[in-house]
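Notes follow once the structure below has been shown.
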Amino acid sequence: MTGTDEVATEVRASPTTVRQALHPGTWVIWLVGVAIALTTTRNPWYLALVLLLVALVLKVCSPPAGEASRDPVISPWRFGLIVVATSTLFNVLMVHVGDTVLFNLPAWLPLIGGPLTLEAAVYGALNGLVLAGIFAAFAVFNRTVPVRAALRLAPRAYYPVAVVMSIAVTFVPATQQQFQQIREAQAVRGLRMNTMRSWLPLVVPLLEGSLERSFQLAEAMMARGFASAEENVNRRPQVLLLAGLGSWLAGWLLRLVWRQPLLGDLLLIAGTGALGLGLWLAGRQHPHTVYRPTPWHWQDGVVIAGAALVGAIYLFPLPGIDRSSLFYYPYPALTWPAASALIVAGTLGLGAPAVVR
Amino acid sequence: MIHFDHLTYTYPGAQQPALNDVSLDLPEGELILVIGPSGSGKSTLLRCINGLVPHFSGGALAGQVRVEGLDPVVATPKVLSRYVGFVFQDPEAQFVTDLVEDEIAFALENAAMAPQEMRVRVEETLDLLDLEPLRNRPLKTLSGGERQRVAIAAALALRPRILVLDEPTSQLDPKSAEDVLNALVRLNSDLGLTVLLAEHRMERVLPFVDRVIYLPDDGSPILSDEPRRVLNQIELGPPLVKLGKSLGWQPLPLTIKEGIRFSRTWLANEKAQGKAGGDPVARRIVHRKTHPAVQAQKLSLNYGGRKVLRNVDFAVWPGEIVALMGRNGAGKTTLLKCLIGLARPQAGSIMLDGEAILGKDVASIARDMGYLPQDPNTLLFAESVRDELFTTLHNHGAASKTGGEWRLAAGAAAVEPDTLLRRLRLEHKAAAYPRDLSVGERQRVALAAITVTQPRVLLLDEPTRGLDYVAKEGVDRPPQTVARRRHGRCTGYT
Amino acid sequence: MNQTISRVTYALTTIVGLTAFLYPFWLPAVTPDSGQQMAHAGDSALMLTVLVVICLAILMLEAQSQGLSTKAIALLGVLVAINATLRFVEVALPGPGGFSPIFPLIVLAGYVYGARFGFLLGSLTLLVSAIITGGVGPWLPYQMFTAGWCGMTATLCRPLVHALHGVGRTTEVVVLAIFGGIWGLLFGIIMNIWFWPFAAGPAAMYWQPGVGPWETLQRYLVFYVATSLLWDLARAIGNVVLILLAGAPVLRVLRRFQRRFAFSYRPTAGMPGVEVTT
């Protein structure tokens with residue numbers, strides 16, 4: 001089982017061996033920046049630039065081989081290829097729009113019958129690139145942020161959930177070990193694994209043993225003063241969160257369906273505020289302090305500024321920047337995409353992690 | 001400080017109460033040892049002190065406990081955490097984080113202590129148990145003894161005035177156990193911490209103990225008194241105390257030093273009467289048949305690029321009892337696993353009764369060679385103790401189930417499970433759910449589930465707990481080989 | 001008050017969740033004209049992901065604010081660890097198609113310990129296993145949401161089992177097995193909707209006049225059958241088989257532990273005692 005070894009190596013990499021690294025929160029913000037850029041534009045120039053920057057960051061910021069915290073099962077580039085191929089294929093087969101006809105399928109074929117166009121192929125490929133880019137950006141996150149640091153990202157309002165996750169991460173290697181021991185113990189009792197039923201003597205002790213250990217752990221936690229929440233939880237934060245969600249939904253629909261961008265944006269901002277306030281209030285209900293807070297450094301500031309710049313350029317109409325080149329579409333006839341120098345320059349902000357290291 | 005007032009506690013679904021009408025009065029600053037046979041309720045008693053029983057066990061509680069004027073049941077274990085530190089049997093099962101320092105800080109974080117103050121407190125606590133050199137180490141990389149010291153430190157971080165420990169050394173080798181117990185003695189004498197300790201390695205702590213609480217399992221009253229007085233009244237005790245009692249040494253010697261004083265005069269007396277002399281240990285004569293029960297030749301095994309076994313040769317003859325000793329990581333478990341077929345040596349041969357077994361599957365080897373793994377819990381999954389035994393027989397084709405009734409196959413070479421249970425003093429637990437039993441009882445059930453096929457050879461991997469009893473009662477009679485693996489000295493029952 | 005907040009929470013998050021998951025079907029229908037709208041169709045995916053994340057955040061807060069005792073936290077942590085381990089097995093030794101061994105425990109625990117527990121077990125299983133296997137990606141919020149729903153809705157089997165008088169009998173396991181099978185398919189269907197807009201999604205609809213929601217659905221079905229049906233069938237059948245096989249003993253174990261959540265206390269002899277549920 002290769003999986004077992006992977007966890008084992010991962011857990012051995014203790015936080016002390018991790019070099020001075022960017023704050024995990026910074027990586028989340030960078031990730032959001034990449035996602036904003038990739039999902040708002042279909043302009044091949046910008047997409048290619050973002051992909052290039054992500055690749056650069058992946059190369060520069062990945063820990064050296066063997067030290068990588070967790071490598072994805074499939075390499076981001078191979079995944080990208082598959083995605084681009086799939087989405088191109090489907091788009092060509094299903095969307096029969098565009099002036100440059102490559103091939104005609106008999107019209108009696110349901111859905112896929114009709115002209116297959118170059119425009120549909122290009123658009124499908126661009127969509128695939130978007131996904132591939134997002135996947136690569138997450139690969140950066142997965143490689144550079146250690147498990148424990150990722151767990152500490154949970155907002156304070158989610159302290160109980162964060163504890164659940166931290167317990168789970170601690171118990172995964174133990175569970176694997178336990179499973180191995182149970183398999184051996186049942187084997188020496190003469191159990192042969194020849195039917196599906198033979199798995200039961202393995203599953204039941206594993207589950208039962210784990211539940212018992214969970215109670216031991218709960219005892220140990222409570223004996224050291226842990227309590228998940230007070231008896232009477234104040235539900236006001238939750239009302240705020242619900243208001244925030246409603247406001248977001250309304251704002252988004254206003255923008256998209258009823259074409260009221262100004263009112264929509266206002267609602268989005270109000271919703272964000274309500275959500276932030278709600279989370280902050282909810283966090284105050286968990287009175288506990290942190291022994292070892294993760295520090296922020298100036299490098300974090302640089303990366304965050306870069307990501308914020310990109311987010312602003314791609315989302316909001318800023319004076320002096322012509323955003324029309326963002327909205328490139330190959331339909332109805334393929335055209336050469338235009339590019340704005342200012343947007344290209346701003347997009348470079350996503351490369352900040354590679355520079356500050 | 002701690003008062004038990006007519007406390008009776010019954011686990012959910014149990015017929016008999018685990019604690020029956022317990023009344024105790026424990027003064028401050030004492031080092032108190034809690035002893036008793038397995039299943040007598042030691043863990044239950046200790047867990048009542050900070051309210052883990054009944055908050056984490058369910059069941060029915062009558063009577064009252066008072067700790068520093070608080071009722072733990074009403075106040076909840078969270079509040080009690082400021083008064084009582086608790087250390088559990090299994091060091092692994094009580095860690096919440098994965099770094100030494102974080103583990104100690106956990107209780108302080110929960111108490112919402114200011115970061116500055118927390119730092120100071122963590123430093124103090126590290127010093128208290130000499131953990132400073134280990135502060136940044138992941139808990140995984142620590143030895144058992146170090147882990148248990150971290151657990152004690154973590155329990156003391158909030159500065160409770162009472163420390164309760166439930167068999168803290170049962171998973172440790174003798175050296176680590178000694179470190180842990182020494183640390184406890186020091187905490188008690190230097191800081192005046194009240195320490196309540198359930199422990200079966202009594203010889204280490206007895207000299208320092210102020211009070212012994214004895215919990216019987218036969219319904220007789222609980223004893224709580226000065227150590228010598230309690231030990232004089234009960235059967236249980238370390239070898240030295242037993243020897244002293246059988247020879248009538250009074251006051252009972254608790255340390256070797258005290259013992260030697262008696263033994264000198266005793267030996268001199270015996271010599272004078274011409275009784276002593278000769279080999280003190282009568283060597284057991286082993287009947288050597290044509291071939292050994294187990295024979296290994298040139299066993300070699302590499303694991304992860306490391307030579308674990310290199311050219312191991314040995315022979316064990318029928319009826320022999322062999323103890324396998326060695327340091328941690330010396331390959332004791334690996335050797336046993338090779339014999340039973342769980343590990344495949346790269347070279348060598350293994351013969352069981354003159355028949356090569358290397359390469360055969362585990363299930364068929366296990367029929368003739370029983371192997372008891374370290375953790376009995378990995379074995380138990382059936383609905384009742386009796387089912388557990390029959391399941392093993394069923395696996396080997398020696399029993400079948402028809403209409404909910406187990407039936408022994410005709411001509412099967414096996415012990416009647418009920419007979420075996422009687423022999424292991426488990427007959428009253430035959431219908432119980434194995435997981436509801438105490439640790440020691442579970443160990444015996446696991447042993448029963450392994451030996452029910454009447455294996456000719458029995459391998460025991462660190463049977464540190466519960467088996468003391470079993471060894472006395474005798475497991476099975478036909479000539480049988482026991483390879484027993486224990487750390488260090490074979491004290492206790494050999 | 002508490003009740004109302006909980007109800008509003010479930011209602012609103014379900015509505016938003018469905019809106020988000022189903023946007024490829026309704027979006028082209030409500031915004032028929034092309035041009036400027038196109039600009040915003042692109043960022044819909046991002047906006048909807050944000051909405052799903054907010055829903056998740058609210059549901060988690062709701063689930064943890066009500067009765068997530070220390071015991072439940074430890075229990076959840078350990079069950080999530082088991083499931084994450086099973087996920088490793090899935091990644092390391094790919095079974096047939098989309099077979100995944102994580103669902104039976106989510107269904108069974110949700111059924112025994114309630115909707116909140118089921119929701120947290122489902123969503124945290126996906127989250128934790130994604131973090132440790134390096135599988136964090138844009139699909140994660142959707143996966144968490146869907147698996148959470150699976151665990152949450154498992155409680156709906158309770159009234160059905162009661163109506164059939166099946167508690168502790170084979171009927172109970174059969175009902176849960178069918179439920180697990182349905183979710184095996186549903187999980188795939190919902191997760192595909194996430195990916196689909198990128199493959200042959202709604203943006204193209206603007207350029208094809210006369211393509212309504214119905215045809216969109218047809219396209220989706222083709223896409224689904226072509227890419228995932230077999231995959232998801234394997235998952236569904238896997239769930240049914242696993243629950244039929246292990247359902248009864250696992251339920252017994254889970255229920256046995258439930259006994260520890262209540263005790264009785266009678267401090268003074270002769271006085272009536274109290275029953276406490278923790």
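Labels used: A, B, ... for chains in the order of the structure tokens, numbers from 1 for residues in each chain, and numbers from 1 for ligands as shown.
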
What are the nearest atom pairs, with distances in Å to one decimal, for all residues of chain C that come at most 6 Å from chain B, using only C-alpha atoms, set out by chain and rising residue number as a tab-separated table?
residue	atom	partner	partner_atom	distance
C:Arg260	CA	B:Gly58	CA	4.1
C:Phe261	CA	B:Gly58	CA	5.8
C:Ala262	CA	B:Gly58	CA	4.9
C:Phe263	CA	B:Gly58	CA	4.3
C:Ser264	CA	B:Ala60	CA	4.6
C:Tyr265	CA	B:Leu61	CA	4.8
C:Arg266	CA	B:Ala62	CA	4.5
C:Pro267	CA	B:Gly63	CA	4.4
C:Thr268	CA	B:Gly63	CA	5.5

>> At a cut-off of 12 Å, using only C-alpha atoms, what residues contact Leu126 of chain C? Leave out same-chain residues fewer than 6 positions from it and give the result as a ChimeraX atom specification.
In response: /A:165,168 /C:80-88,100,102-103,106,119-120,132-137,139-148

Please determine the contact residues of chain A with respect to chain B at a cut-off of 8 Å, counting only C-alpha atoms, and supply them as a PDB file with C-alpha atoms, in the first residue's frame.
ATOM      1  CA  SER A  14       7.622  17.925  11.887  1.00  0.00           C
ATOM      2  CA  THR A  16      10.276  22.364  13.235  1.00  0.00           C
ATOM      3  CA  SER A 166      -6.637  17.796  14.251  1.00  0.00           C
ATOM      4  CA  ILE A 167      -7.684  14.599  16.020  1.00  0.00           C
ATOM      5  CA  THR A 170      -3.375  12.501  14.316  1.00  0.00           C
ATOM      6  CA  GLN A 178      -4.272  -0.648  14.080  1.00  0.00           C
ATOM      7  CA  GLN A 181      -2.403  -5.355  13.794  1.00  0.00           C
ATOM      8  CA  ILE A 182      -5.987  -6.527  13.581  1.00  0.00           C
ATOM      9  CA  GLU A 184      -2.434 -10.147  11.880  1.00  0.00           C
ATOM     10  CA  ALA A 185      -4.404 -10.977  15.000  1.00  0.00           C
ATOM     11  CA  GLN A 186      -7.267 -12.434  12.998  1.00  0.00           C
ATOM     12  CA  ALA A 187      -4.873 -14.334  10.770  1.00  0.00           C
ATOM     13  CA  VAL A 188      -3.345 -16.106  13.751  1.00  0.00           C
ATOM     14  CA  ARG A 189      -6.844 -17.128  14.756  1.00  0.00           C
ATOM     15  CA  GLY A 190      -7.083 -18.975  11.491  1.00  0.00           C
ATOM     16  CA  LEU A 191      -9.092 -16.399   9.556  1.00  0.00           C
ATOM     17  CA  ARG A 192      -8.667 -16.750   5.815  1.00  0.00           C
ATOM     18  CA  PRO A 201     -13.702  -9.572  11.873  1.00  0.00           C
ATOM     19  CA  VAL A 204     -15.642  -4.537  13.885  1.00  0.00           C
ATOM     20  CA  PRO A 205     -12.503  -4.455  16.081  1.00  0.00           C
ATOM     21  CA  LEU A 206     -11.203  -1.488  14.101  1.00  0.00           C
ATOM     22  CA  GLY A 209     -11.208   0.017  19.081  1.00  0.00           C
ATOM     23  CA  ARG A 213      -9.849   5.321  21.869  1.00  0.00           C
ATOM     24  CA  PHE A 215     -13.516   8.109  24.407  1.00  0.00           C
ATOM     25  CA  GLN A 216     -10.119   7.813  26.041  1.00  0.00           C
ATOM     26  CA  LEU A 217      -9.074  10.862  24.105  1.00  0.00           C
ATOM     27  CA  GLU A 219     -11.537  11.890  28.680  1.00  0.00           C
ATOM     28  CA  ALA A 220      -7.968  13.073  28.368  1.00  0.00           C
ATOM     29  CA  MET A 221      -9.105  16.310  26.754  1.00  0.00           C
ATOM     30  CA  MET A 222     -11.756  17.040  29.317  1.00  0.00           C
ATOM     31  CA  ALA A 223      -9.441  16.118  32.160  1.00  0.00           C
ATOM     32  CA  ARG A 224      -7.298  18.950  30.868  1.00  0.00           C
ATOM     33  CA  GLY A 225     -10.105  21.460  30.784  1.00  0.00           C
ATOM     34  CA  PHE A 226     -11.254  21.192  27.199  1.00  0.00           C
ATOM     35  CA  ALA A 227     -14.862  22.083  26.574  1.00  0.00           C
ATOM     36  CA  PRO A 287     -12.586  31.271  25.077  1.00  0.00           C
ATOM     37  CA  HIS A 288      -9.167  29.832  24.522  1.00  0.00           C
ATOM     38  CA  THR A 289      -5.775  31.238  23.689  1.00  0.00           C
ATOM     39  CA  VAL A 290      -3.120  30.094  21.280  1.00  0.00           C
ATOM     40  CA  TYR A 291       0.296  29.110  22.532  1.00  0.00           C
ATOM     41  CA  ARG A 292       2.107  29.291  19.252  1.00  0.00           C
TER      42      ARG A 292
END

>> Using only C-alpha atoms, which protein or nucleic acid residues come within 12 Å of Gly113 of chain A? Drop anything in the same chain fewer than 2 positions from it, and give the result as a PyMOL selection string.
In response: chain A and resi 92-96+103-111+115-116
